[in-house]
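Here is final.tsv, consisting of TSV, C-alpha atoms:
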```tsv
chain	number	residue	atom	x	y	z
A	1	MET	CA	-92.57	-16.56	0.97
A	2	ARG	CA	-91.26	-19.73	-0.68
A	3	VAL	CA	-91.11	-22.76	1.63
A	4	ALA	CA	-89.91	-26.33	1.06
A	5	LEU	CA	-91.63	-28.80	3.40
A	6	LEU	CA	-89.57	-32.00	3.77
A	7	THR	CA	-91.19	-35.20	5.01
A	8	ARG	CA	-91.14	-38.94	4.52
A	9	GLU	CA	-94.91	-39.37	4.79
A	10	TYR	CA	-97.40	-37.59	2.58
A	11	PRO	CA	-100.65	-38.77	0.95
A	12	PRO	CA	-101.26	-41.38	-0.16
A	13	ASN	CA	-98.42	-42.80	1.97
A	14	VAL	CA	-99.45	-41.83	5.50
A	15	TYR	CA	-99.12	-44.38	8.29
A	16	GLY	CA	-98.47	-42.43	11.50
A	17	GLY	CA	-99.26	-39.28	13.43
A	18	ALA	CA	-96.44	-37.28	11.87
A	19	GLY	CA	-97.83	-38.01	8.41
A	20	VAL	CA	-101.30	-36.90	9.49
A	21	HIS	CA	-99.78	-33.69	10.86
A	22	VAL	CA	-97.93	-32.92	7.63
A	23	GLU	CA	-100.95	-33.69	5.45
A	24	TYR	CA	-103.22	-31.18	7.16
A	25	LEU	CA	-100.56	-28.60	7.92
A	26	ALA	CA	-99.51	-28.53	4.25
A	27	ARG	CA	-103.11	-28.08	3.13
A	28	GLU	CA	-103.53	-25.00	5.33
A	29	LEU	CA	-100.02	-23.60	4.83
A	30	ALA	CA	-100.51	-23.61	1.07
A	31	ARG	CA	-103.14	-20.91	1.58
A	32	LEU	CA	-100.54	-18.71	3.31
A	33	VAL	CA	-97.17	-19.37	1.62
A	34	ASP	CA	-95.78	-20.64	-1.68
A	35	LEU	CA	-95.33	-24.26	-0.59
A	36	THR	CA	-93.58	-27.24	-2.17
A	37	VAL	CA	-93.72	-30.60	-0.39
A	38	HIS	CA	-90.80	-33.01	-0.85
A	39	CYS	CA	-91.71	-36.53	0.25
A	40	GLU	CA	-91.06	-40.21	-0.30
A	41	GLY	CA	-92.82	-41.81	-3.25
A	42	ASP	CA	-92.63	-42.75	-6.90
A	43	PRO	CA	-91.49	-39.65	-8.83
A	44	LYS	CA	-93.48	-40.89	-11.83
A	45	GLY	CA	-96.56	-41.93	-9.88
A	46	ALA	CA	-99.83	-40.06	-9.89
A	47	SER	CA	-100.62	-37.83	-6.95
A	48	PRO	CA	-103.95	-37.88	-5.13
A	49	ALA	CA	-106.46	-35.33	-6.25
A	50	GLY	CA	-105.83	-31.92	-4.82
A	51	THR	CA	-102.21	-32.47	-3.77
A	52	GLY	CA	-100.40	-31.54	-6.95
A	53	GLY	CA	-98.13	-33.85	-8.88
A	54	SER	CA	-94.47	-34.76	-8.75
A	55	GLY	CA	-92.60	-31.68	-9.91
A	56	GLU	CA	-95.84	-29.85	-10.68
A	57	ALA	CA	-97.50	-26.90	-9.05
A	58	GLY	CA	-100.53	-27.73	-6.96
A	59	GLY	CA	-103.97	-26.46	-7.69
A	60	SER	CA	-105.46	-23.33	-6.18
A	61	GLY	CA	-104.52	-23.34	-2.51
A	62	ALA	CA	-102.70	-26.69	-2.81
A	63	PRO	CA	-98.96	-27.30	-2.48
A	64	ALA	CA	-96.75	-28.51	-5.26
A	65	VAL	CA	-95.42	-32.00	-4.57
A	66	ARG	CA	-92.09	-33.60	-5.52
A	67	ARG	CA	-91.60	-37.25	-4.70
A	68	HIS	CA	-88.26	-38.98	-4.08
A	69	GLN	CA	-87.01	-42.51	-3.49
A	70	PRO	CA	-83.92	-44.06	-1.90
A	71	TRP	CA	-81.15	-44.80	-4.35
A	72	PRO	CA	-81.51	-48.21	-6.03
A	73	ALA	CA	-77.80	-48.82	-5.48
A	74	LEU	CA	-78.59	-49.10	-1.76
A	75	ASP	CA	-81.31	-51.72	-2.12
A	76	GLY	CA	-80.79	-54.19	0.71
A	77	ALA	CA	-78.68	-51.79	2.77
A	78	ASN	CA	-79.57	-50.60	6.26
A	79	ASP	CA	-82.77	-48.55	6.13
A	80	ALA	CA	-81.07	-45.53	7.71
A	81	LEU	CA	-78.54	-45.38	4.88
A	82	ARG	CA	-81.33	-45.67	2.33
A	83	THR	CA	-83.16	-42.82	4.07
A	84	PHE	CA	-80.01	-40.68	3.94
A	85	SER	CA	-79.79	-41.19	0.18
A	86	MET	CA	-83.34	-39.88	-0.16
A	87	ASP	CA	-82.38	-36.95	2.08
A	88	LEU	CA	-79.61	-36.03	-0.34
A	89	ALA	CA	-82.09	-36.09	-3.23
A	90	MET	CA	-84.54	-33.92	-1.27
A	91	ALA	CA	-81.84	-31.41	-0.33
A	92	ALA	CA	-80.75	-31.12	-3.96
A	93	ALA	CA	-84.32	-30.70	-5.23
A	94	ALA	CA	-85.27	-28.19	-2.54
A	95	THR	CA	-82.36	-25.92	-3.44
A	96	THR	CA	-82.68	-25.98	-7.22
A	97	ALA	CA	-85.33	-24.64	-9.54
A	98	ASN	CA	-85.89	-27.55	-11.92
A	99	GLY	CA	-82.62	-29.35	-12.50
A	100	PRO	CA	-79.66	-30.76	-10.60
A	101	GLU	CA	-77.56	-27.58	-10.63
A	102	PRO	CA	-77.93	-24.72	-8.10
A	103	VAL	CA	-79.47	-21.63	-9.63
A	104	ALA	CA	-77.86	-19.06	-7.34
A	105	SER	CA	-74.33	-18.13	-6.38
A	106	ALA	CA	-72.80	-19.36	-3.14
A	107	GLY	CA	-74.30	-17.72	-0.08
A	108	ALA	CA	-77.46	-16.57	-1.84
A	109	ALA	CA	-80.86	-18.22	-1.60
A	110	PRO	CA	-81.74	-20.02	-4.86
A	111	ALA	CA	-84.86	-18.97	-6.68
A	112	GLY	CA	-87.56	-21.13	-5.19
A	113	VAL	CA	-86.73	-21.35	-1.49
A	114	ASP	CA	-86.65	-18.88	1.41
A	115	LEU	CA	-86.94	-21.46	4.18
A	116	VAL	CA	-86.97	-25.26	4.64
A	117	HIS	CA	-89.09	-27.11	7.19
A	118	SER	CA	-88.45	-30.78	7.99
A	119	HIS	CA	-90.48	-33.38	9.88
A	120	THR	CA	-89.03	-36.43	11.70
A	121	TRP	CA	-85.49	-37.81	11.50
A	122	TYR	CA	-86.33	-39.28	8.10
A	123	ALA	CA	-86.17	-35.76	6.63
A	124	ASN	CA	-84.22	-33.77	9.24
A	125	LEU	CA	-80.91	-34.38	7.51
A	126	ALA	CA	-82.42	-33.19	4.22
A	127	GLY	CA	-83.53	-29.98	5.92
A	128	HIS	CA	-80.15	-29.44	7.55
A	129	LEU	CA	-78.23	-29.93	4.30
A	130	ALA	CA	-80.67	-27.87	2.23
A	131	ALA	CA	-80.38	-24.97	4.69
A	132	MET	CA	-76.59	-25.11	4.49
A	133	LEU	CA	-76.65	-25.26	0.69
A	134	ALA	CA	-79.11	-22.42	0.29
A	135	GLY	CA	-78.14	-20.22	3.21
A	136	VAL	CA	-81.73	-20.15	4.48
A	137	PRO	CA	-83.31	-20.97	7.86
A	138	HIS	CA	-84.18	-24.55	8.74
A	139	VAL	CA	-87.26	-25.16	10.89
A	140	MET	CA	-87.72	-28.69	12.17
A	141	THR	CA	-90.80	-30.05	13.85
A	142	SER	CA	-90.02	-32.61	16.53
A	143	HIS	CA	-92.73	-35.26	16.57
A	144	SER	CA	-90.65	-37.64	18.69
A	145	LEU	CA	-87.08	-37.93	19.94
A	146	GLU	CA	-84.66	-40.72	19.11
A	147	PRO	CA	-83.05	-40.70	22.59
A	148	HIS	CA	-86.50	-41.40	24.05
A	149	ARG	CA	-87.14	-44.31	21.67
A	150	PRO	CA	-84.37	-46.85	22.43
A	151	TRP	CA	-86.56	-49.66	21.12
A	152	LYS	CA	-85.88	-48.32	17.62
A	153	ALA	CA	-82.57	-50.17	17.81
A	154	GLU	CA	-84.67	-53.34	17.60
A	155	GLN	CA	-85.98	-52.15	14.23
A	156	LEU	CA	-82.98	-50.31	12.75
A	157	GLY	CA	-80.01	-52.06	14.35
A	158	GLY	CA	-76.93	-49.90	13.86
A	159	GLY	CA	-79.12	-47.55	11.84
A	160	TYR	CA	-80.53	-46.28	15.15
A	161	ARG	CA	-77.16	-44.67	15.83
A	162	LEU	CA	-77.37	-43.01	12.41
A	163	SER	CA	-80.93	-41.76	12.94
A	164	SER	CA	-79.90	-40.41	16.36
A	165	TRP	CA	-76.92	-38.61	14.83
A	166	ALA	CA	-79.08	-37.08	12.10
A	167	GLU	CA	-81.65	-35.80	14.58
A	168	LYS	CA	-79.02	-34.39	16.95
A	169	THR	CA	-77.15	-32.65	14.15
A	170	ALA	CA	-80.32	-31.08	12.75
A	171	ILE	CA	-81.95	-30.03	16.00
A	172	GLU	CA	-78.84	-28.35	17.38
A	173	ALA	CA	-78.26	-26.41	14.16
A	174	ALA	CA	-81.87	-25.51	13.29
A	175	ALA	CA	-82.94	-21.88	13.29
A	176	ALA	CA	-86.13	-22.91	15.10
A	177	VAL	CA	-87.60	-26.09	16.54
A	178	VAL	CA	-91.34	-26.70	16.75
A	179	ALA	CA	-92.48	-28.82	19.69
A	180	VAL	CA	-95.95	-30.31	19.26
A	181	SER	CA	-96.72	-29.91	22.97
A	182	ALA	CA	-95.35	-28.22	26.06
A	183	GLY	CA	-94.33	-31.64	27.31
A	184	MET	CA	-92.41	-32.17	24.09
A	185	LYS	CA	-90.52	-28.90	24.61
A	186	THR	CA	-89.41	-30.13	28.01
A	187	ASP	CA	-88.30	-33.42	26.47
A	188	ILE	CA	-86.33	-31.62	23.72
A	189	LEU	CA	-84.41	-29.49	26.19
A	190	ASP	CA	-83.76	-32.54	28.38
A	191	ALA	CA	-82.50	-34.68	25.50
A	192	TYR	CA	-80.55	-31.88	23.81
A	193	PRO	CA	-79.25	-29.42	26.43
A	194	ALA	CA	-77.19	-27.62	23.76
A	195	VAL	CA	-80.44	-26.34	22.16
A	196	ASP	CA	-81.27	-22.74	23.07
A	197	PRO	CA	-84.69	-22.78	24.82
A	198	ALA	CA	-85.57	-19.52	23.05
A	199	LYS	CA	-85.60	-21.24	19.67
A	200	VAL	CA	-88.05	-23.98	20.73
A	201	HIS	CA	-91.65	-22.96	19.94
A	202	VAL	CA	-94.74	-24.87	21.03
A	203	ILE	CA	-97.23	-25.25	18.18
A	204	ARG	CA	-99.58	-28.12	18.95
A	205	ASN	CA	-100.91	-30.77	16.63
A	206	GLY	CA	-104.44	-30.38	15.35
A	207	ILE	CA	-107.49	-32.13	13.97
A	208	ASP	CA	-109.94	-31.56	11.12
A	209	THR	CA	-113.18	-31.72	13.08
A	210	GLU	CA	-115.31	-31.55	9.95
A	211	GLU	CA	-113.74	-34.71	8.56
A	212	TYR	CA	-113.39	-36.39	11.95
A	213	SER	CA	-116.94	-36.22	13.26
A	214	PRO	CA	-119.40	-38.85	14.52
A	215	ASP	CA	-120.58	-41.34	11.89
A	216	LEU	CA	-123.56	-43.34	13.08
A	217	GLY	CA	-123.62	-45.72	10.11
A	218	THR	CA	-122.89	-49.40	10.69
A	219	GLU	CA	-121.67	-50.78	7.38
A	220	VAL	CA	-118.02	-50.72	8.51
A	221	LEU	CA	-118.92	-52.45	11.77
A	222	ASP	CA	-120.79	-55.10	9.79
A	223	ARG	CA	-117.82	-55.58	7.47
A	224	TYR	CA	-115.43	-56.35	10.32
A	225	GLY	CA	-117.81	-58.19	12.62
A	226	VAL	CA	-118.20	-55.54	15.31
A	227	ASP	CA	-121.50	-55.87	17.19
A	228	PRO	CA	-123.07	-52.39	17.57
A	229	GLY	CA	-125.21	-53.74	20.40
A	230	ARG	CA	-122.19	-54.43	22.63
A	231	PRO	CA	-119.81	-51.91	24.20
A	232	SER	CA	-116.43	-51.73	22.54
A	233	VAL	CA	-112.89	-50.58	23.28
A	234	ALA	CA	-111.05	-49.35	20.18
A	235	PHE	CA	-107.35	-49.01	19.47
A	236	VAL	CA	-105.86	-47.52	16.30
A	237	GLY	CA	-102.12	-47.47	15.75
A	238	ARG	CA	-98.99	-49.14	14.50
A	239	ILE	CA	-97.52	-52.21	16.19
A	240	THR	CA	-94.53	-50.53	17.76
A	241	ARG	CA	-93.14	-50.49	21.30
A	242	GLN	CA	-94.07	-46.82	21.53
A	243	LYS	CA	-97.79	-47.49	21.15
A	244	GLY	CA	-97.94	-50.07	23.93
A	245	VAL	CA	-100.02	-52.69	22.11
A	246	PRO	CA	-98.82	-55.55	24.37
A	247	VAL	CA	-99.79	-53.44	27.40
A	248	LEU	CA	-103.35	-53.12	26.06
A	249	LEU	CA	-103.59	-56.83	25.26
A	250	ARG	CA	-102.49	-57.77	28.77
A	251	ALA	CA	-104.99	-55.29	30.20
A	252	ALA	CA	-107.73	-56.76	28.02
A	253	ALA	CA	-107.45	-60.02	29.97
A	254	GLU	CA	-109.15	-58.12	32.83
A	255	LEU	CA	-111.66	-56.29	30.62
A	256	ASP	CA	-115.40	-56.49	31.27
A	257	PRO	CA	-116.45	-59.65	29.34
A	258	ARG	CA	-119.40	-57.79	27.80
A	259	ALA	CA	-117.03	-55.45	25.95
A	260	GLN	CA	-115.46	-56.04	22.57
A	261	LEU	CA	-111.83	-55.17	21.82
A	262	VAL	CA	-111.44	-53.70	18.33
A	263	LEU	CA	-107.72	-53.68	17.59
A	264	CYS	CA	-106.85	-51.73	14.43
A	265	ALA	CA	-103.13	-52.44	14.46
A	266	GLY	CA	-100.67	-53.17	11.67
A	267	ALA	CA	-97.30	-52.18	10.20
A	268	PRO	CA	-95.21	-53.99	12.85
A	269	ASP	CA	-91.73	-52.63	13.49
A	270	THR	CA	-90.21	-56.12	13.65
A	271	ALA	CA	-91.17	-59.74	13.06
A	272	GLU	CA	-90.44	-60.43	16.72
A	273	LEU	CA	-92.90	-57.80	17.92
A	274	LEU	CA	-95.55	-59.09	15.52
A	275	ALA	CA	-95.03	-62.59	16.90
A	276	GLU	CA	-95.43	-61.27	20.47
A	277	VAL	CA	-98.65	-59.44	19.62
A	278	THR	CA	-100.01	-62.44	17.70
A	279	GLU	CA	-99.38	-64.73	20.67
A	280	LEU	CA	-101.14	-62.30	23.02
A	281	VAL	CA	-104.14	-61.94	20.69
A	282	ASP	CA	-104.44	-65.70	20.26
A	283	GLY	CA	-104.27	-66.20	24.02
A	284	LEU	CA	-106.94	-63.56	24.56
A	285	LYS	CA	-109.24	-65.11	21.95
A	286	ALA	CA	-108.87	-68.48	23.67
A	287	ARG	CA	-110.21	-67.00	26.92
A	288	ARG	CA	-112.97	-64.66	25.70
A	289	ASP	CA	-115.01	-63.64	22.69
A	290	GLY	CA	-115.33	-60.22	21.07
A	291	VAL	CA	-111.66	-59.83	20.15
A	292	ILE	CA	-111.42	-58.32	16.65
A	293	TRP	CA	-107.99	-57.68	15.15
A	294	ILE	CA	-107.95	-55.66	11.92
A	295	SER	CA	-104.34	-55.79	10.72
A	296	GLY	CA	-104.70	-54.11	7.33
A	297	MET	CA	-104.53	-50.36	6.72
A	298	LEU	CA	-107.97	-48.83	7.08
A	299	ARG	CA	-109.33	-45.88	5.13
A	300	LYS	CA	-110.18	-42.78	7.15
A	301	PRO	CA	-113.96	-43.22	6.83
A	302	GLU	CA	-113.61	-46.74	8.24
A	303	VAL	CA	-111.58	-45.53	11.21
A	304	ILE	CA	-114.03	-42.70	11.83
A	305	GLN	CA	-117.02	-45.04	11.97
A	306	LEU	CA	-115.25	-47.47	14.31
A	307	LEU	CA	-114.24	-44.61	16.62
A	308	SER	CA	-117.74	-43.15	16.51
A	309	HIS	CA	-119.24	-46.38	17.86
A	310	ALA	CA	-116.55	-47.07	20.46
A	311	SER	CA	-117.51	-46.85	24.11
A	312	LEU	CA	-113.95	-45.69	24.66
A	313	PHE	CA	-110.67	-45.31	22.85
A	314	ALA	CA	-107.59	-46.80	24.50
A	315	CYS	CA	-104.18	-45.17	24.08
A	316	PRO	CA	-101.65	-47.25	26.06
A	317	SER	CA	-98.58	-45.48	24.65
A	318	VAL	CA	-95.38	-45.57	26.66
A	319	TYR	CA	-94.17	-42.45	24.81
A	320	GLU	CA	-96.29	-39.87	22.98
A	321	PRO	CA	-95.27	-36.26	22.27
A	322	LEU	CA	-98.93	-35.34	21.76
A	323	GLY	CA	-100.99	-38.13	20.22
A	324	ILE	CA	-103.11	-37.02	17.26
A	325	VAL	CA	-105.04	-40.27	17.45
A	326	ASN	CA	-106.52	-39.15	20.78
A	327	LEU	CA	-107.78	-36.00	19.07
A	328	GLU	CA	-109.27	-38.11	16.28
A	329	ALA	CA	-111.12	-40.26	18.81
A	330	MET	CA	-112.34	-37.22	20.75
A	331	ALA	CA	-113.55	-35.53	17.56
A	332	CYS	CA	-115.59	-38.66	16.84
A	333	GLY	CA	-117.19	-38.47	20.27
A	334	ALA	CA	-115.32	-41.26	22.06
A	335	ALA	CA	-114.17	-41.12	25.65
A	336	VAL	CA	-110.41	-41.74	25.95
A	337	VAL	CA	-108.42	-43.82	28.43
A	338	ALA	CA	-104.76	-43.00	27.90
A	339	SER	CA	-101.32	-43.10	29.44
A	340	ARG	CA	-100.21	-40.08	31.41
A	341	VAL	CA	-97.10	-39.48	29.29
A	342	GLY	CA	-95.66	-36.71	27.13
A	343	GLY	CA	-98.24	-34.37	25.66
A	344	ILE	CA	-101.28	-36.60	26.24
A	345	PRO	CA	-102.39	-34.69	29.39
A	346	GLU	CA	-102.52	-31.55	27.22
A	347	VAL	CA	-105.13	-33.28	25.04
A	348	VAL	CA	-107.09	-35.57	27.37
A	349	ASP	CA	-108.66	-33.66	30.27
A	350	ASP	CA	-108.52	-36.23	33.06
A	351	GLY	CA	-111.98	-36.87	34.47
A	352	VAL	CA	-113.65	-34.69	31.84
A	353	THR	CA	-112.88	-36.11	28.37
A	354	GLY	CA	-111.45	-39.39	29.64
A	355	LEU	CA	-109.15	-40.95	32.22
A	356	LEU	CA	-105.36	-40.94	32.47
A	357	VAL	CA	-103.35	-43.85	33.86
A	358	PRO	CA	-99.67	-44.61	34.51
A	359	PRO	CA	-97.85	-45.95	31.43
A	360	ASP	CA	-96.88	-49.61	31.09
A	361	ASP	CA	-99.37	-50.70	33.77
A	362	PRO	CA	-101.91	-53.21	32.41
A	363	SER	CA	-103.85	-53.44	35.69
A	364	ALA	CA	-104.31	-49.67	35.96
A	365	LEU	CA	-105.34	-49.49	32.30
A	366	ALA	CA	-107.87	-52.32	32.76
A	367	ALA	CA	-109.35	-50.69	35.87
A	368	ALA	CA	-109.80	-47.34	34.12
A	369	MET	CA	-111.38	-48.93	31.03
A	370	ASN	CA	-113.79	-50.92	33.21
A	371	THR	CA	-114.69	-47.75	35.14
A	372	VAL	CA	-115.74	-46.03	31.92
A	373	LEU	CA	-117.53	-49.11	30.57
A	374	ALA	CA	-119.50	-49.47	33.81
A	375	ASP	CA	-121.05	-46.00	33.42
A	376	PRO	CA	-122.35	-45.50	29.86
A	377	LYS	CA	-123.84	-42.09	30.68
A	378	ARG	CA	-120.49	-40.83	31.93
A	379	ALA	CA	-118.75	-42.30	28.89
A	380	THR	CA	-121.17	-40.43	26.61
A	381	ALA	CA	-120.62	-37.18	28.52
A	382	MET	CA	-116.85	-37.61	28.23
A	383	GLY	CA	-117.20	-38.18	24.50
A	384	GLN	CA	-119.28	-35.03	24.08
A	385	ALA	CA	-116.79	-32.99	26.11
A	386	GLY	CA	-113.95	-34.40	24.03
A	387	ARG	CA	-115.66	-33.44	20.80
A	388	GLU	CA	-116.18	-29.89	22.07
A	389	ARG	CA	-112.54	-29.63	23.19
A	390	ALA	CA	-111.25	-30.85	19.83
A	391	VAL	CA	-113.39	-28.32	17.94
A	392	THR	CA	-112.53	-25.31	20.07
A	393	GLU	CA	-108.81	-25.83	20.75
A	394	PHE	CA	-107.18	-27.83	17.95
A	395	GLY	CA	-108.08	-26.36	14.55
A	396	TRP	CA	-105.51	-26.68	11.73
A	397	ALA	CA	-106.08	-23.19	10.30
A	398	ALA	CA	-104.88	-21.59	13.53
A	399	ILE	CA	-101.90	-23.95	13.68
A	400	ALA	CA	-100.90	-23.02	10.12
A	401	ARG	CA	-101.12	-19.32	10.97
A	402	GLN	CA	-98.81	-19.83	13.94
A	403	THR	CA	-96.37	-21.76	11.75
A	404	ALA	CA	-96.37	-19.14	9.00
A	405	GLY	CA	-95.84	-16.48	11.66
A	406	LEU	CA	-92.75	-18.34	12.86
A	407	TYR	CA	-91.45	-18.48	9.29
A	408	GLY	CA	-91.91	-14.74	8.94
A	409	SER	CA	-89.99	-14.02	12.13
A	410	LEU	CA	-87.00	-15.98	10.79
A	411	ILE	CA	-86.68	-14.38	7.35
A	412	SER	CA	-87.81	-10.81	8.06
```

Written form, structure tokens:
Amino acid sequence: MRVALLTREYPPNVYGGAGVHVEYLARELARLVDLTVHCEGDPKGASPAGTGGSGEAGGSGAPAVRRHQPWPALDGANDALRTFSMDLAMAAAATTANGPEPVASAGAAPAGVDLVHSHTWYANLAGHLAAMLAGVPHVMTSHSLEPHRPWKAEQLGGGYRLSSWAEKTAIEAAAAVVAVSAGMKTDILDAYPAVDPAKVHVIRNGIDTEEYSPDLGTEVLDRYGVDPGRPSVAFVGRITRQKGVPVLLRAAAELDPRAQLVLCAGAPDTAELLAEVTELVDGLKARRDGVIWISGMLRKPEVIQLLSHASLFACPSVYEPLGIVNLEAMACGAAVVASRVGGIPEVVDDGVTGLLVPPDDPSALAAAMNTVLADPKRATAMGQAGRERAVTEFGWAAIARQTAGLYGSLIS
């Protein structure tokens, strides 16, 4: 079975949960199907070890990778238009063998593709067009929904209307839609009532629990000034309205003064949001110590060590289809205090692996964090239960098998 996986994010350019999902799913899928990943990146740049190169077959059990960029003629244009130009390039590449011309007659699948699978609105249009060109099924995984993210208009301007159009067009026409949680399936059918419920399949996100496992070293803590002798609350995520960073910072004003706040937050959606977060951090630092803001992109081993030493991980998201980052924290043995939204309750077992609170409520978030911090034995027990849950229920190999099974049902 020949599959083209279409995505914006792919190593080494991974900055969000969808990119993490694609990275690990592709690794496991390549053991089951003939997989080519089409992603954003320099077509002439070197690929990371083990991922294949641009236009080259991957190694044993690894996908081939073809990298694409927005058209230079659109430099300075709205980001949505630039994304669409990359989608056109992906659609062309996914439906040809090696060159720009189709290699099969109209209505027949070109040599090289039996199915296309897209991730996020950045690549959904590419999947939709490639499926039409090739006459093959299009599977799209819904990691989030544009109608549920109105704050994106702050980032994209009029481009938000374009991203919404692309997602709606693709999801209503797709042969199958993968929801990353049962909550996400409900959201899909609510946002897009024209979608047949029978074609929406729940295949949850996963975690590599061998890579994400407790690291008791301290060199990363030393590097960033985190005191291993004090309790700490960790956050890892982008500075976007979705992740609720301002909610956490307002809650932190009520946090137990013994606790540190380790804020691993960068890649702001807008300059205005960055200014808001900066003002909140500065105000917090003026009132208390132990506020550590790491704004640069961290390597995985650094994140793992910070999570491993955290008394708890805070996830104040106002919208989260599943929340891979909660799985990462649980796999590292951290208790989780998270918003009761989207798919998070399918990951965080309230009262067992952490505590759930109403979204966008700084006081409730602060109270729950202080409850966990006040009982270190309970926090440790929650972390251990979270690790066990991550290991037993969220393995990537099983998720890849479910995904390949869905492919087979569509082309058999």

task = Mind checking which residues fall within 9 Å of stretch 332-336 of chain A, counting only C-alpha atoms, ignoring those fewer than 2 positions away in the same chain, and posting them as a VMD selection string?
result = chain A and resid 209 212 to 215 304 to 305 307 to 315 326 to 330 338 348 352 to 356 369 372 378 to 388

inquiry  = Given all atoms listed in the file as the basis, pick out the residue of A:Ile294, A:Glu219, A:Glu154, A:Arg287 nearest to A:Glu272.
reply    =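 That would be A:Glu154, the residue with the smallest distance to A:Glu272.
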
key: Expected residue set, 6 Å radius at (-93.9, -18.8, 4.8), only C-alpha atoms, as a list in words   = Met1, Val3, Val33, Ala404 and Tyr407 of chain A

Take the residues from that selection and write them out as a PDB file, in the coordinates of the input, keeping C-alpha atoms.
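The result, written out as result_6.pdb:
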```pdb
ATOM      1  CA  MET A   1     -92.570 -16.560   0.970  1.00  0.00           C
ATOM      2  CA  VAL A   3     -91.110 -22.760   1.630  1.00  0.00           C
ATOM      3  CA  VAL A  33     -97.170 -19.370   1.620  1.00  0.00           C
ATOM      4  CA  ALA A 404     -96.370 -19.140   9.000  1.00  0.00           C
ATOM      5  CA  TYR A 407     -91.450 -18.480   9.290  1.00  0.00           C
TER       6      TYR A 407
END
```

Contact check, stretch 278-342 of chain A to stretch 199-205 of chain A, at most 9 Å, counting only C-alpha atoms, closest pairs as CSV:
```
residue,atom,partner,partner_atom,distance
A:Leu322,CA,A:Asn205,CA,7.1
A:Gly323,CA,A:Asn205,CA,8.2
A:Ile324,CA,A:Asn205,CA,6.7
A:Leu327,CA,A:Asn205,CA,9.0
```

request  = Compile the contact shell of A:His68 as a list in words: residues with an atom at most 7 Å away, counting all atoms listed in the file, same-chain residues fewer than 4 positions apart removed.
outcome  =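 In the requested format, the answer is Cys39, Glu40, Gly41, Asp42, Pro43, Met86, Ala89 and Met90 of chain A.
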
query = atom CA of A:Leu145 and atom CA of A:Asp361, how far apart in Å?
reply = 22.5 Å

Residue neighbourhood A:Leu115, 7 Å, only C-alpha atoms, exclusion window fewer than 2 positions, as a PyMOL selection string = chain A and resi 2-4+113+117+136-138
